[in-house]
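J.: Structure: work_24.cif, mmCIF, C-alpha atoms.
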data_final
#
loop_
_atom_site.group_PDB
_atom_site.id
_atom_site.type_symbol
_atom_site.label_atom_id
_atom_site.label_comp_id
_atom_site.auth_asym_id
_atom_site.auth_seq_id
_atom_site.Cartn_x
_atom_site.Cartn_y
_atom_site.Cartn_z
ATOM 1 C CA TYR P 2 10.461 -14.365 121.881
ATOM 2 C CA ALA P 3 9.969 -18.010 122.830
ATOM 3 C CA ASN P 4 6.214 -17.493 123.261
ATOM 4 C CA VAL P 5 5.949 -15.882 119.831
ATOM 5 C CA GLN P 6 7.799 -18.790 118.217
ATOM 6 C CA CYS P 7 5.485 -21.243 119.966
ATOM 7 C CA MET P 8 2.465 -19.355 118.645
ATOM 8 C CA LYS P 9 3.769 -19.781 115.112
ATOM 9 C CA LEU P 10 3.389 -23.528 115.526
ATOM 10 C CA ILE P 11 -0.381 -23.155 115.916
ATOM 11 C CA GLU P 12 -2.218 -23.552 112.627
ATOM 12 C CA PHE P 13 -5.516 -21.801 111.904
ATOM 13 C CA ASN P 14 -7.417 -22.801 108.799
ATOM 14 C CA GLU P 15 -9.827 -19.848 109.056
ATOM 15 C CA LEU P 16 -9.023 -16.661 107.168
ATOM 16 C CA ASN P 17 -8.778 -13.378 109.051
ATOM 17 C CA ASN P 18 -7.858 -10.065 107.370
ATOM 18 C CA THR P 19 -4.098 -10.602 107.520
ATOM 19 C CA ARG P 20 -4.184 -14.226 106.386
ATOM 20 C CA MET P 21 -6.487 -13.278 103.521
ATOM 21 C CA LYS P 22 -4.039 -10.623 102.314
ATOM 22 C CA ILE P 23 -1.077 -12.994 102.533
ATOM 23 C CA LEU P 24 -2.935 -15.801 100.781
ATOM 24 C CA MET P 25 -4.218 -13.551 98.006
ATOM 25 C CA GLU P 26 -0.700 -12.250 97.377
ATOM 26 C CA ASN P 27 0.507 -15.842 97.163
ATOM 27 C CA PHE P 28 -2.403 -16.705 94.848
ATOM 28 C CA LEU P 29 -1.713 -13.872 92.410
ATOM 29 C CA GLN P 30 1.981 -14.679 92.295
ATOM 30 C CA ASN P 31 1.276 -18.330 91.510
ATOM 31 C CA LEU P 32 -1.392 -17.394 88.980
ATOM 32 C CA GLU P 33 1.026 -15.269 86.976
ATOM 33 C CA GLN P 34 4.042 -17.531 87.451
ATOM 34 C CA PRO P 35 3.952 -19.098 83.967
ATOM 35 C CA ARG P 36 4.154 -15.637 82.363
ATOM 36 C CA SER P 37 6.355 -13.655 84.726
ATOM 37 C CA THR P 38 8.862 -14.043 87.485
ATOM 38 C CA ARG P 39 7.935 -13.745 91.166
ATOM 39 C CA GLU P 40 9.981 -10.583 91.552
ATOM 40 C CA GLU P 41 7.888 -8.653 89.015
ATOM 41 C CA LYS P 42 4.856 -6.589 89.965
ATOM 42 C CA ILE P 43 1.718 -8.558 89.233
ATOM 43 C CA SER P 44 -1.384 -7.154 87.584
ATOM 44 C CA PRO P 45 -4.444 -9.206 88.615
ATOM 45 C CA SER P 46 -6.658 -7.914 85.812
ATOM 46 C CA ALA P 47 -6.193 -10.676 83.265
ATOM 47 C CA THR P 48 -9.119 -13.061 83.350
ATOM 48 C CA ASP P 49 -7.577 -15.201 80.629
ATOM 49 C CA THR P 50 -4.828 -16.124 83.104
ATOM 50 C CA ALA P 51 -7.416 -17.369 85.576
ATOM 51 C CA GLN P 52 -9.082 -19.436 82.882
ATOM 52 C CA SER P 53 -5.860 -21.039 81.639
ATOM 53 C CA ASN P 54 -4.219 -21.601 85.034
ATOM 54 C CA ASN P 55 -7.122 -22.475 87.310
ATOM 55 C CA GLU P 56 -5.865 -25.949 88.148
ATOM 56 C CA GLY P 57 -2.789 -27.097 90.031
ATOM 57 C CA ILE P 58 -1.978 -23.823 91.788
ATOM 58 C CA SER P 59 -0.109 -24.565 95.003
ATOM 59 C CA LEU P 60 -1.145 -22.061 97.656
ATOM 60 C CA ASN P 61 0.328 -21.590 101.106
ATOM 61 C CA THR P 62 -1.216 -23.966 103.626
ATOM 62 C CA PRO P 63 -2.337 -22.939 107.127
ATOM 63 C CA ALA P 64 1.018 -24.237 108.385
ATOM 64 C CA ASP P 65 2.888 -22.014 105.899
ATOM 65 C CA ILE P 66 0.897 -18.907 106.849
ATOM 66 C CA ALA P 67 1.373 -19.570 110.578
ATOM 67 C CA LYS P 68 5.113 -19.103 110.124
ATOM 68 C CA ILE P 69 4.865 -15.674 108.502
ATOM 69 C CA GLU P 70 1.663 -14.167 109.925
ATOM 70 C CA PRO P 71 2.515 -11.124 112.078
ATOM 71 C CA LEU P 72 1.492 -11.658 115.699
ATOM 72 C CA LEU P 73 2.544 -8.291 117.116
ATOM 73 C CA PHE P 74 1.551 -4.842 115.870
ATOM 74 C CA PHE P 75 5.080 -3.803 114.880
ATOM 75 C CA ASP P 76 5.543 -7.097 113.032
ATOM 76 C CA ILE P 77 3.046 -5.978 110.406
ATOM 77 C CA ARG P 78 5.733 -3.828 108.785
ATOM 78 C CA ARG P 79 7.937 -6.895 108.433
ATOM 79 C CA ALA P 80 5.231 -9.216 107.149
ATOM 80 C CA LYS P 81 5.617 -10.523 103.608
ATOM 81 C CA VAL P 82 2.475 -8.789 102.379
ATOM 82 C CA SER P 83 2.314 -6.121 99.688
ATOM 83 C CA GLN P 84 0.833 -2.920 101.099
ATOM 84 C CA THR P 85 -2.351 -1.889 99.321
ATOM 85 C CA TYR P 86 -2.306 1.652 100.805
ATOM 86 C CA ILE P 87 -6.070 1.696 100.236
ATOM 87 C CA PRO P 88 -8.090 1.277 103.453
ATOM 88 C CA ILE P 89 -10.972 -1.185 103.351
ATOM 89 C CA LYS P 90 -14.051 -0.730 105.535
ATOM 90 C CA LEU P 91 -15.961 -4.007 105.719
ATOM 91 C CA GLY P 92 -19.448 -4.218 107.223
ATOM 92 C CA LEU P 93 -20.649 -0.605 107.105
ATOM 93 C CA SER P 94 -24.189 0.502 107.862
ATOM 94 C CA PHE P 95 -26.294 1.658 104.903
ATOM 95 C CA ASN P 96 -26.248 5.269 106.097
ATOM 96 C CA GLU P 97 -22.482 5.284 106.566
ATOM 97 C CA LEU P 98 -22.050 3.700 103.160
ATOM 98 C CA ALA P 99 -24.086 6.517 101.621
ATOM 99 C CA ARG P 100 -22.205 9.216 103.545
ATOM 100 C CA LEU P 101 -18.695 8.014 102.721
ATOM 101 C CA SER P 102 -19.436 7.107 99.102
ATOM 102 C CA GLU P 103 -21.317 10.374 98.539
ATOM 103 C CA LYS P 104 -23.908 8.400 96.599
ATOM 104 C CA SER P 105 -27.643 8.904 96.968
ATOM 105 C CA THR P 106 -29.672 6.314 98.841
ATOM 106 C CA ALA P 107 -31.611 5.719 95.627
ATOM 107 C CA LYS P 108 -28.431 4.845 93.721
ATOM 108 C CA LEU P 109 -27.209 2.579 96.520
ATOM 109 C CA GLY P 110 -30.637 0.948 96.618
ATOM 110 C CA GLY P 111 -30.287 0.117 92.942
ATOM 111 C CA MET P 112 -26.847 -1.353 93.603
ATOM 112 C CA LEU P 113 -28.327 -3.516 96.352
ATOM 113 C CA GLY P 114 -30.804 -4.949 93.883
ATOM 114 C CA ARG P 115 -28.107 -5.692 91.304
ATOM 115 C CA ASN P 116 -25.908 -7.393 93.904
ATOM 116 C CA ASN P 117 -28.677 -9.452 95.456
ATOM 117 C CA SER P 118 -27.035 -12.788 94.650
ATOM 118 C CA GLU P 119 -23.623 -11.692 95.974
ATOM 119 C CA ARG P 120 -25.047 -10.583 99.356
ATOM 120 C CA TYR P 121 -22.780 -7.551 99.601
ATOM 121 C CA ILE P 122 -22.379 -4.146 97.993
ATOM 122 C CA LEU P 123 -18.956 -2.693 97.195
ATOM 123 C CA THR P 124 -18.107 0.846 96.196
ATOM 124 C CA THR P 125 -15.476 3.517 96.841
ATOM 125 C CA GLY P 126 -15.456 6.811 98.668
ATOM 126 C CA TYR P 127 -13.449 8.928 101.067
ATOM 127 C CA ASP P 128 -12.890 8.682 104.809
ATOM 128 C CA GLY P 129 -11.515 11.438 107.021
ATOM 129 C CA ARG P 130 -11.740 15.202 106.760
ATOM 130 C CA TRP P 131 -10.196 17.840 104.534
ATOM 131 C CA ALA P 132 -6.505 17.207 103.834
ATOM 132 C CA LYS P 133 -6.631 13.883 105.680
ATOM 133 C CA ARG P 134 -9.323 12.460 103.407
ATOM 134 C CA ARG P 135 -8.236 9.096 102.059
ATOM 135 C CA ARG P 136 -9.690 7.075 99.238
ATOM 136 C CA THR P 137 -11.377 4.077 100.857
ATOM 137 C CA ILE P 138 -13.053 0.905 99.648
ATOM 138 C CA LEU P 139 -16.456 0.521 101.264
ATOM 139 C CA ILE P 140 -18.384 -2.717 101.738
ATOM 140 C CA GLY P 141 -21.892 -3.243 103.010
ATOM 141 C CA ILE P 142 -22.776 -6.819 103.953
ATOM 142 C CA PHE P 143 -26.271 -8.254 103.733
ATOM 143 C CA SER P 144 -27.605 -9.538 107.044
ATOM 144 C CA ASP P 145 -27.867 -13.096 105.704
ATOM 145 C CA ALA P 146 -24.433 -13.186 104.048
ATOM 146 C CA THR P 147 -22.470 -16.362 104.751
ATOM 147 C CA PRO P 148 -18.833 -16.319 105.944
ATOM 148 C CA LYS P 149 -17.771 -17.426 102.463
ATOM 149 C CA GLN P 150 -19.672 -14.551 100.857
ATOM 150 C CA ILE P 151 -18.002 -12.135 103.275
ATOM 151 C CA ALA P 152 -14.622 -13.596 102.297
ATOM 152 C CA LYS P 153 -15.619 -13.117 98.666
ATOM 153 C CA ALA P 154 -16.429 -9.456 99.330
ATOM 154 C CA TYR P 155 -13.061 -8.901 100.990
ATOM 155 C CA PHE P 156 -11.283 -10.652 98.113
ATOM 156 C CA HIS P 157 -13.088 -8.313 95.696
ATOM 157 C CA ALA P 158 -11.970 -5.309 97.756
ATOM 158 C CA LEU P 159 -8.328 -6.462 97.816
ATOM 159 C CA LEU P 160 -8.381 -6.869 94.052
ATOM 160 C CA LEU P 161 -9.801 -3.373 93.597
ATOM 161 C CA ALA P 162 -7.258 -1.967 96.068
ATOM 162 C CA ARG P 163 -4.418 -3.410 94.023
ATOM 163 C CA LEU P 164 -5.786 -1.989 90.788
ATOM 164 C CA LEU P 165 -6.226 1.426 92.401
ATOM 165 C CA LYS P 166 -2.642 1.310 93.625
ATOM 166 C CA VAL P 167 -1.370 0.421 90.150
ATOM 167 C CA GLY P 168 -3.654 2.933 88.435
ATOM 168 C CA GLY P 169 -2.508 5.934 90.457
ATOM 169 C CA ILE P 170 -5.767 7.852 90.136
ATOM 170 C CA SER P 171 -5.643 11.456 91.277
ATOM 171 C CA LYS P 172 -8.047 12.552 94.001
ATOM 172 C CA SER P 173 -9.798 15.057 91.750
ATOM 173 C CA ARG P 174 -10.512 12.544 89.007
ATOM 174 C CA ALA P 175 -11.598 9.859 91.424
ATOM 175 C CA ARG P 176 -13.901 12.211 93.279
ATOM 176 C CA LYS P 177 -15.407 14.000 90.280
ATOM 177 C CA GLY P 178 -15.437 11.029 87.923
ATOM 178 C CA LYS P 179 -13.808 12.992 85.099
ATOM 179 C CA LYS P 180 -12.802 11.088 82.026
ATOM 180 C CA SER P 181 -9.117 10.316 81.814
ATOM 181 C CA THR P 182 -6.905 12.177 79.379
ATOM 182 C CA SER P 183 -4.273 9.428 79.296
ATOM 183 C CA ILE P 184 -4.038 5.681 79.595
ATOM 184 C CA GLU P 185 -2.064 6.032 82.815
ATOM 185 C CA GLU P 186 -4.899 7.722 84.692
ATOM 186 C CA PRO P 187 -8.237 5.911 84.354
ATOM 187 C CA THR P 188 -11.318 7.097 86.156
ATOM 188 C CA MET P 189 -12.558 5.449 89.319
ATOM 189 C CA GLU P 190 -15.480 3.963 87.387
ATOM 190 C CA GLU P 191 -13.094 2.407 84.874
ATOM 191 C CA VAL P 192 -10.998 0.802 87.602
ATOM 192 C CA GLU P 193 -14.068 -0.524 89.433
ATOM 193 C CA SER P 194 -15.346 -2.008 86.170
ATOM 194 C CA LYS P 195 -11.953 -3.597 85.488
ATOM 195 C CA ALA P 196 -11.922 -5.182 88.937
ATOM 196 C CA SER P 197 -15.450 -6.530 88.458
ATOM 197 C CA ASP P 198 -14.549 -8.001 85.067
ATOM 198 C CA SER P 199 -11.590 -9.842 86.599
ATOM 199 C CA PHE P 200 -13.189 -10.712 89.889
ATOM 200 C CA HIS P 201 -15.516 -13.644 89.192
ATOM 201 C CA GLU P 202 -12.983 -15.753 87.304
ATOM 202 C CA LEU P 203 -10.293 -15.021 89.891
ATOM 203 C CA TRP P 204 -12.544 -15.793 92.867
ATOM 204 C CA SER P 205 -13.615 -19.141 91.423
ATOM 205 C CA CYS P 206 -9.973 -20.086 90.929
ATOM 206 C CA PHE P 207 -8.987 -18.815 94.393
ATOM 207 C CA GLU P 208 -11.866 -20.601 96.130
ATOM 208 C CA ARG P 209 -11.071 -23.944 94.552
ATOM 209 C CA ASN P 210 -7.336 -23.829 95.236
ATOM 210 C CA ALA P 211 -7.626 -22.350 98.732
ATOM 211 C CA GLU P 212 -9.951 -25.126 99.848
ATOM 212 C CA SER P 213 -7.694 -27.774 98.325
ATOM 213 C CA SER P 214 -4.799 -26.265 100.323
ATOM 214 C CA GLY P 215 -6.668 -26.788 103.590
ATOM 215 C CA TRP P 216 -8.448 -23.443 104.105
ATOM 216 C CA ASP P 217 -12.010 -23.418 105.430
ATOM 217 C CA LEU P 218 -13.719 -20.565 103.587
ATOM 218 C CA SER P 219 -17.044 -21.379 105.241
ATOM 219 C CA ASN P 220 -15.667 -20.307 108.621
ATOM 220 C CA THR P 221 -13.844 -17.017 108.005
ATOM 221 C CA VAL P 222 -13.165 -14.618 110.879
ATOM 222 C CA LEU P 223 -12.742 -11.314 109.050
ATOM 223 C CA GLN P 224 -12.952 -8.198 111.204
ATOM 224 C CA THR P 225 -15.842 -5.903 110.252
ATOM 225 C CA GLU P 226 -17.335 -2.586 111.331
ATOM 226 C CA GLY P 227 -20.151 -4.565 112.949
ATOM 227 C CA TYR P 228 -23.115 -3.632 110.727
ATOM 228 C CA ALA P 229 -25.244 -5.565 108.262
ATOM 229 C CA ILE P 230 -27.752 -4.354 105.682
ATOM 230 C CA GLU P 231 -31.217 -5.832 105.741
ATOM 231 C CA VAL P 232 -33.404 -5.569 102.656
ATOM 232 C CA ARG P 233 -37.028 -6.063 103.571
ATOM 233 C CA ARG P 234 -39.488 -8.032 101.468
ATOM 234 C CA ASP P 235 -41.029 -4.949 99.842
ATOM 235 C CA GLY P 236 -37.576 -4.037 98.494
ATOM 236 C CA ASN P 237 -37.849 -0.417 99.580
ATOM 237 C CA ASP P 238 -36.968 -0.291 103.256
ATOM 238 C CA MET P 239 -33.347 -0.850 104.241
ATOM 239 C CA LYS P 240 -31.517 -0.655 107.507
#
Write out the structure in this file as structure tokens.
T.:
Amino acid sequence: YANVQCMKLIEFNELNNTRMKILMENFLQNLEQPRSTREEKISPSATDTAQSNNEGISLNTPADIAKIEPLLFFDIRRAKVSQTYIPIKLGLSFNELARLSEKSTAKLGGMLGRNNSERYILTTGYDGRWAKRRRTILIGIFSDATPKQIAKAYFHALLLARLLKVGGISKSRARKGKKSTSIEEPTMEEVESKASDSFHELWSCFERNAESSGWDLSNTVLQTEGYAIEVRRDGNDMK
């Protein structure tokens, strides 16, 4: 117990997966504070909120996060982090990305071209087999992506995970891409589009306020699957 308490005195200004989740939760709560109370569930889809509240947001500092970051495996359940329930696989190989997303290599190749400036590709799919298949957010990272761009990709995935949790999409609709019959059940494509529409404004606001709170986004230590996607000069070969 004493060792754990001593560890909580050590401040890290780099973001790992857990710190990123805690900080994003804190960010979204502060972003919505003028329009709702902290106890309410927060929807991160409103870009107008990011535009009108992008200054003066007080985020948790590295010292604040050090006090609440779980250090032991069983502490994760007690951490003050909202559970997304949607697994995120960061740093997949191109082939694994195609397999899990069930998208053709040609379609993924087109997505790579459209996301050239972002240096990552994000989509959704399923991991596991049969009854244990779980909806999963999949991210492929370009080989020359910077730590900040990787943090940006993970932020994007966390935003999408939250929207998927709120949306409550059924497995059949998500997998088959059927059009929704009610407002409560949008298709996967609709949720991904909603996350993308919100993402850029929210990231710009998060980046600015995180750095002003002492976080070094240029030196993130996010855990990945260990792969990177390389797009060769001819634009056709990928690995």
J.: Would you list the residues near (-12.7, -4.1, 90.6) (no more than 12 Å away, in the coordinates of the file, using all atoms listed in the file) as a PDB file with C-alpha atoms, in the frame of the given file?
T.:
ATOM      1  CA  PRO P  45      -4.444  -9.206  88.615  1.00  0.00           C
ATOM      2  CA  SER P  46      -6.658  -7.914  85.812  1.00  0.00           C
ATOM      3  CA  ALA P  47      -6.193 -10.676  83.265  1.00  0.00           C
ATOM      4  CA  LEU P 123     -18.956  -2.693  97.195  1.00  0.00           C
ATOM      5  CA  THR P 124     -18.107   0.846  96.196  1.00  0.00           C
ATOM      6  CA  THR P 125     -15.476   3.517  96.841  1.00  0.00           C
ATOM      7  CA  ILE P 138     -13.053   0.905  99.648  1.00  0.00           C
ATOM      8  CA  ALA P 154     -16.429  -9.456  99.330  1.00  0.00           C
ATOM      9  CA  TYR P 155     -13.061  -8.901 100.990  1.00  0.00           C
ATOM     10  CA  PHE P 156     -11.283 -10.652  98.113  1.00  0.00           C
ATOM     11  CA  HIS P 157     -13.088  -8.313  95.696  1.00  0.00           C
ATOM     12  CA  ALA P 158     -11.970  -5.309  97.756  1.00  0.00           C
ATOM     13  CA  LEU P 159      -8.328  -6.462  97.816  1.00  0.00           C
ATOM     14  CA  LEU P 160      -8.381  -6.869  94.052  1.00  0.00           C
ATOM     15  CA  LEU P 161      -9.801  -3.373  93.597  1.00  0.00           C
ATOM     16  CA  ALA P 162      -7.258  -1.967  96.068  1.00  0.00           C
ATOM     17  CA  ARG P 163      -4.418  -3.410  94.023  1.00  0.00           C
ATOM     18  CA  LEU P 164      -5.786  -1.989  90.788  1.00  0.00           C
ATOM     19  CA  LEU P 165      -6.226   1.426  92.401  1.00  0.00           C
ATOM     20  CA  LYS P 166      -2.642   1.310  93.625  1.00  0.00           C
ATOM     21  CA  GLY P 168      -3.654   2.933  88.435  1.00  0.00           C
ATOM     22  CA  MET P 189     -12.558   5.449  89.319  1.00  0.00           C
ATOM     23  CA  GLU P 190     -15.480   3.963  87.387  1.00  0.00           C
ATOM     24  CA  GLU P 191     -13.094   2.407  84.874  1.00  0.00           C
ATOM     25  CA  VAL P 192     -10.998   0.802  87.602  1.00  0.00           C
ATOM     26  CA  GLU P 193     -14.068  -0.524  89.433  1.00  0.00           C
ATOM     27  CA  SER P 194     -15.346  -2.008  86.170  1.00  0.00           C
ATOM     28  CA  LYS P 195     -11.953  -3.597  85.488  1.00  0.00           C
ATOM     29  CA  ALA P 196     -11.922  -5.182  88.937  1.00  0.00           C
ATOM     30  CA  SER P 197     -15.450  -6.530  88.458  1.00  0.00           C
ATOM     31  CA  ASP P 198     -14.549  -8.001  85.067  1.00  0.00           C
ATOM     32  CA  SER P 199     -11.590  -9.842  86.599  1.00  0.00           C
ATOM     33  CA  PHE P 200     -13.189 -10.712  89.889  1.00  0.00           C
ATOM     34  CA  HIS P 201     -15.516 -13.644  89.192  1.00  0.00           C
ATOM     35  CA  LEU P 203     -10.293 -15.021  89.891  1.00  0.00           C
ATOM     36  CA  TRP P 204     -12.544 -15.793  92.867  1.00  0.00           C
TER      37      TRP P 204
END
J.: Given the file shown, determine the residues that the PyMOL selection byres ((chain P and resi 222) around 8) selects; report them as a list of chain:residue names.
T.: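 Here the PyMOL selection byres ((chain P and resi 222) around 8) matches P:Glu15, P:Leu16, P:Asn17, P:Asn18, P:Pro148, P:Asn220, P:Thr221, P:Leu223, P:Gln224.
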J.: Provide the atom CA of Arg115 of chain P to atom CA of Asp128 of chain P distance in Å, to one decimal place.
T.: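 It comes out at 24.9 Å.
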J.: For the atom pair atom CA of Phe13 of chain P and atom CA of Asn210 of chain P, what is the interatomic distance in Å to one decimal place?
T.: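 Distance reported for this atom pair: 16.9 Å.
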J.: Evaluate the PyMOL selection byres ((chain P and resi 117) around 12) on the structure here and hand back the selected residues as number ranges by chain.
T.: P: 110-116, 118-123, 141-146, 150, 230-232, 236
J.: Please determine, counting only C-alpha atoms, which residue among P:Thr188, P:Ser213, P:Gln30, P:Thr137 has the shortest atom-to-atom distance to Ile89 of chain P.
T.: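 Closest residue, counting only C-alpha atoms: P:Thr137.
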J.: Select, from P:Cys206, P:Lys153, P:Gly126, P:Thr19, the residue with the minimum atom-to-atom distance to Asn31 of chain P, counting all atoms listed in the file.
T.: P:Cys206
J.: Between atom CA of Ser219 of chain P and atom CA of Asn61 of chain P, what is the spacing in Å?
T.: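 Taking atom CA of Asn61 of chain P and atom CA of Ser219 of chain P, their separation equals 17.9 Å.
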J.: From (-14.1, 4.2, 105.7), in the file's coordinates, out to 10 Å: which residues are reached, counting only C-alpha atoms? Answer as number ranges by chain.
T.: P: 88-91, 93, 97-98, 100-102, 125-129, 134-140, 226
J.: Give me the residues near Leu60 of chain P as an NGL selection string, where near means some atom within 10 Å (using all atoms listed in the file) and where sequence neighbours in that chain fewer than 5 positions away do not count.
T.: :P and (24-32 or 65-66 or 207 or 210-216)
J.: Please determine, counting only C-alpha atoms, which residue among P:Ile87, P:Asp217, P:Glu208, P:Ile151 has the shortest atom-to-atom distance to Pro63 of chain P.
T.: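 For Pro63 of chain P, the nearest of the candidates is P:Asp217.
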J.: Which is closest to Thr147 of chain P among P:Glu202, P:Leu218, P:Tyr228, P:Arg209, if we use all atoms listed in the file?
T.: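 Among the listed residues, P:Leu218 lies closest to Thr147 of chain P.
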J.: For Pro71 of chain P, which residue out of P:Ile23, P:Ile58, P:Leu109, P:Ala99 is the nearest one, using all atoms listed in the file?
T.: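 For Pro71 of chain P, the nearest of the candidates is P:Ile23.
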